[in-house]
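Enquirer: Below is the structure I would like to discuss, written out as structure tokens.
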Protein chains: 2
Amino acid sequence: MNNFTFHRPTEFIFGKDTELQSGKMLKKYGAKKVLIHYGTGSVVKSGLLQKVEDTIKAEGITYIKLGGAVPNPVDSLVYEGIELCKKEGVDFILAVGGGSAIDSAKAIAIGAVYDGDFWDFYDNKAVSEKAIPLATVLTIPAAGSEVSNSSVITKMSNPPLKRGLNTDTTRPVFSLMNPELNYTLPPFQTACGVADMMSHIFERYFTNTKGVRLIDEMSEAVLRTVIKYAPIAIKEPNNYEARANLTWAGMLAHDDSLGVGREQDWGSHLLEHELSAMYNVAHGAGLATVFPAWMLYVYKQDMDRFARWAVKVWGVECKGNKEETALAGIQALKDFWSSIGLPITFEQLGAKKEDIPAIVDVLKLNTGGSFSSFMKLNMEDAAKIYNLAV
Amino acid sequence: MNNFTFHRPTEFIFGKDTELQSGKMLKKYGAKKVLIHYGTGSVVKSGLLQKVEDTIKAEGITYIKLGGAVPNPVDSLVYEGIELCKKEGVDFILAVGGGSAIDSAKAIAIGAVYDGDFWDFYDNKAVSEKAIPLATVLTIPAAGSEVSNSSVITKMSNPPLKRGLNTDTTRPVFSLMNPELNYTLPPFQTACGVADMMSHIFERYFTNTKGVRLIDEMSEAVLRTVIKYAPIAIKEPNNYEARANLTWAGMLAHDDSLGVGREQDWGSHLLEHELSAMYNVAHGAGLATVFPAWMLYVYKQDMDRFARWAVKVWGVECKGNKEETALAGIQALKDFWSSIGLPITFEQLGAKKEDIPAIVDVLKLNTGGSFSSFMKLNMEDAAKIYNLAV
């Protein structure tokens, strides 16, 4: 087990009706002028935004609103948000939505207290030292952005550049998590969230670090739970038990409690970012396509680990032959993701084999030509993995 | 799953040599005048205290010291610490030790900023609203006090009163956790720590709340890991992997991540407190004696739950008959605790059957006559449970 630091100061208020605590919690944390940041309208239609606003008004806190965060959130709205925060003297940002709204809010939060271009942070040209404090009302369990210090923004250049940033300055101060808000999620979006949270665990589980049994056991526990409840949530959208277990699992998948003490990979996320940047597909869908291909490319690196995963997570019967067991696990993952409606091939995703060279070119731009840690990968490896997903 | 709040702002620095960050971390959190609080000398003999002091001096922070915290820490030293803090203008407390030193430090931390008697807080006559900030250098994985908002203090009245307090004002600001510091723990103390952390999970696992599968799975994962590594740590005291997994498990067992969303019990802790108060035995040893007896008394309340626990945690083969399965699990627990040298009967613990009426009298004083939640218990039940442990 490696040395590590673990610090998760976010306060979670979890359960039914917790969105109604928005105003109270903002007051607790000293907010005076709030920017409410949200997506493309579902929180307006559902009435959630109005409810949140009412609780803020009730506390006598003033606020402004900025909607429009899209899946794979883009730089243009971030610039608009930064402008607005500076002009209006915003001292707290409340993101109402899923990972896109929250990530967009995080970029605004660091950009609004910085004199230069916020993209500097995503381009590794500056290090974030402060941010406007930020909180969330979570509507989609998936990205884990309600707890993480991560955000991913797409710069709409040609080609579009999708870049992630980790900085503790943007870790949410509090997050309100009402699983009932997920009842209206369409099945495909629920499934994409499931792929996202499972992938967050996989990126940490497939490691070369030894002696992290506790974290292995916990990771397998969360994965089994997600696998149990995902089909239920899709079949019975209003099943509170399923939604609640998935919502908390999405947080645990990315608060890094399942990643401490070990080297992490994150190669599949980098491989995926190029797909969602180029085709504007859902991140979870891209992960469902890329991850099994990555696994097929790297499993020989540690057959024991893949075989253990197959047995503990997928209930694969140990086949005596480690390789068969490992491959049965990867097949079980593909079958599971297919069964909940996720794409697992380029064709199903809407990506094209002939684009692979161009995709790899952008990947090179974003990674410098090599990436990943479980098995070090270069651009040739990347092309082979994309081809395995075709 | 019930609604819940989860807020764990403690910063953990985990791994080899992390005690050397004491000074740096105190500086980060603004300490100027520190009280170092510790136990009965092992941290002096081992040289740990000197190492910690050196790092504090190196940062130019001034400090004073108060040793003497005993297992089942007592009120007299707390009064001494409070006096010292007031006199010396202490603005930060660093506990170096296990649960006893940390609990004692917590009581000092709230007492030093209160005009009345600190016991008011443990006697439910006052609510803690502030405390001197406090941090820990953990030497024994057991109590979870390095993360919890709990402390237990014994008032040396006649009879002695052992009382617990939960208040977020005493949650450690940071905790330095170096598993190597556990290498010198005697086998019995290691085993007591194991019983303590397992009990912290049991108190949360045996619940009437439904729909908390995620937390069940995680609890079982942590328990299996503790069961795997406890005998290794006892046999090979310098096994880093075993010590590291146990150290982090001890924190997880009591940061409440395995308790969220469900009603918790804590009856066995109350039953145990009377034993360690009367016989001054180690808390973990008392728990090892009381918990199986409690289980035998209550398991019919939810046979499914006990049977699941037997299968998932102890690898008991499902016997078709739930009751047999449940009982086999309880027997497996007794066998395991015996195998690592823990007492599981009154005689082994050094308690006496004829004292039971007197023990129950004090329990009545401390609980008001009824307690527990998985199965509501009164004083008659308590006497029966103690008798089952005879």
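By order of appearance in the structure tokens: chains A, B, ..., then residues from 1 within every chain, and ligands from 1 in the order shown.
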Residues of chain A within 6 Å of chain B, using only C-alpha atoms, as an MDAnalysis selection string?
Expert: chainID A and resid 3:9 11:15 211 214 217:218 221 225 241 245
Enquirer: Can you pull out every residue from range 170-381 of chain B that DSSP, working from the backbone, puts in alpha helix (DSSP H), and format the result as a VMD selection string?
Expert: chain B and resid 187 to 205 213 to 235 240 to 252 267 to 279 283 to 298 303 to 314 322 to 339 346 to 349 356 to 367 379 to 381
Enquirer: Any idea what's packed within 8 Å of range 312-324 of chain B, counting only C-alpha atoms, ignoring anything in its chain fewer than 3 positions away? Could you give it as a VMD selection string?
Expert: chain B and resid 220 to 221 223 to 224 300 303 to 304 307 to 309 327 to 329 332 to 333
Enquirer: Might you pull out every residue within 9 Å of range 21-27 of chain B, with only C-alpha atoms counted and same-chain residues fewer than 4 positions away left off, and present them as a ChimeraX atom specification?
Expert: /B:13,17,31-32,34,52-61,92,94,135-137,174,176
Enquirer: Got a sec: who's within 10 Å of Gly111 in chain B, counting only C-alpha atoms, leaving out chain neighbours fewer than 5 positions off, as a list in words?
Expert: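 Using only C-alpha atoms, the neighbours found are Val78, Tyr79, Gly81, Ile82, Glu83, Cys85, Lys86, Ala105, Lys106, Gly116, Asp117, Phe118, Trp119, Asp120, Phe121, Ser128, Lys130, Ala131 and Ile132 of chain B.
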Enquirer: Restricting the calculation to only C-alpha atoms, which member of A:Val173, A:Ile234, A:Val362, A:Leu349 is positioned closest to Gly193 in chain A?
Expert: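 Nearest candidate to Gly193 in chain A out of A:Val173, A:Ile234, A:Val362, A:Leu349: A:Ile234.
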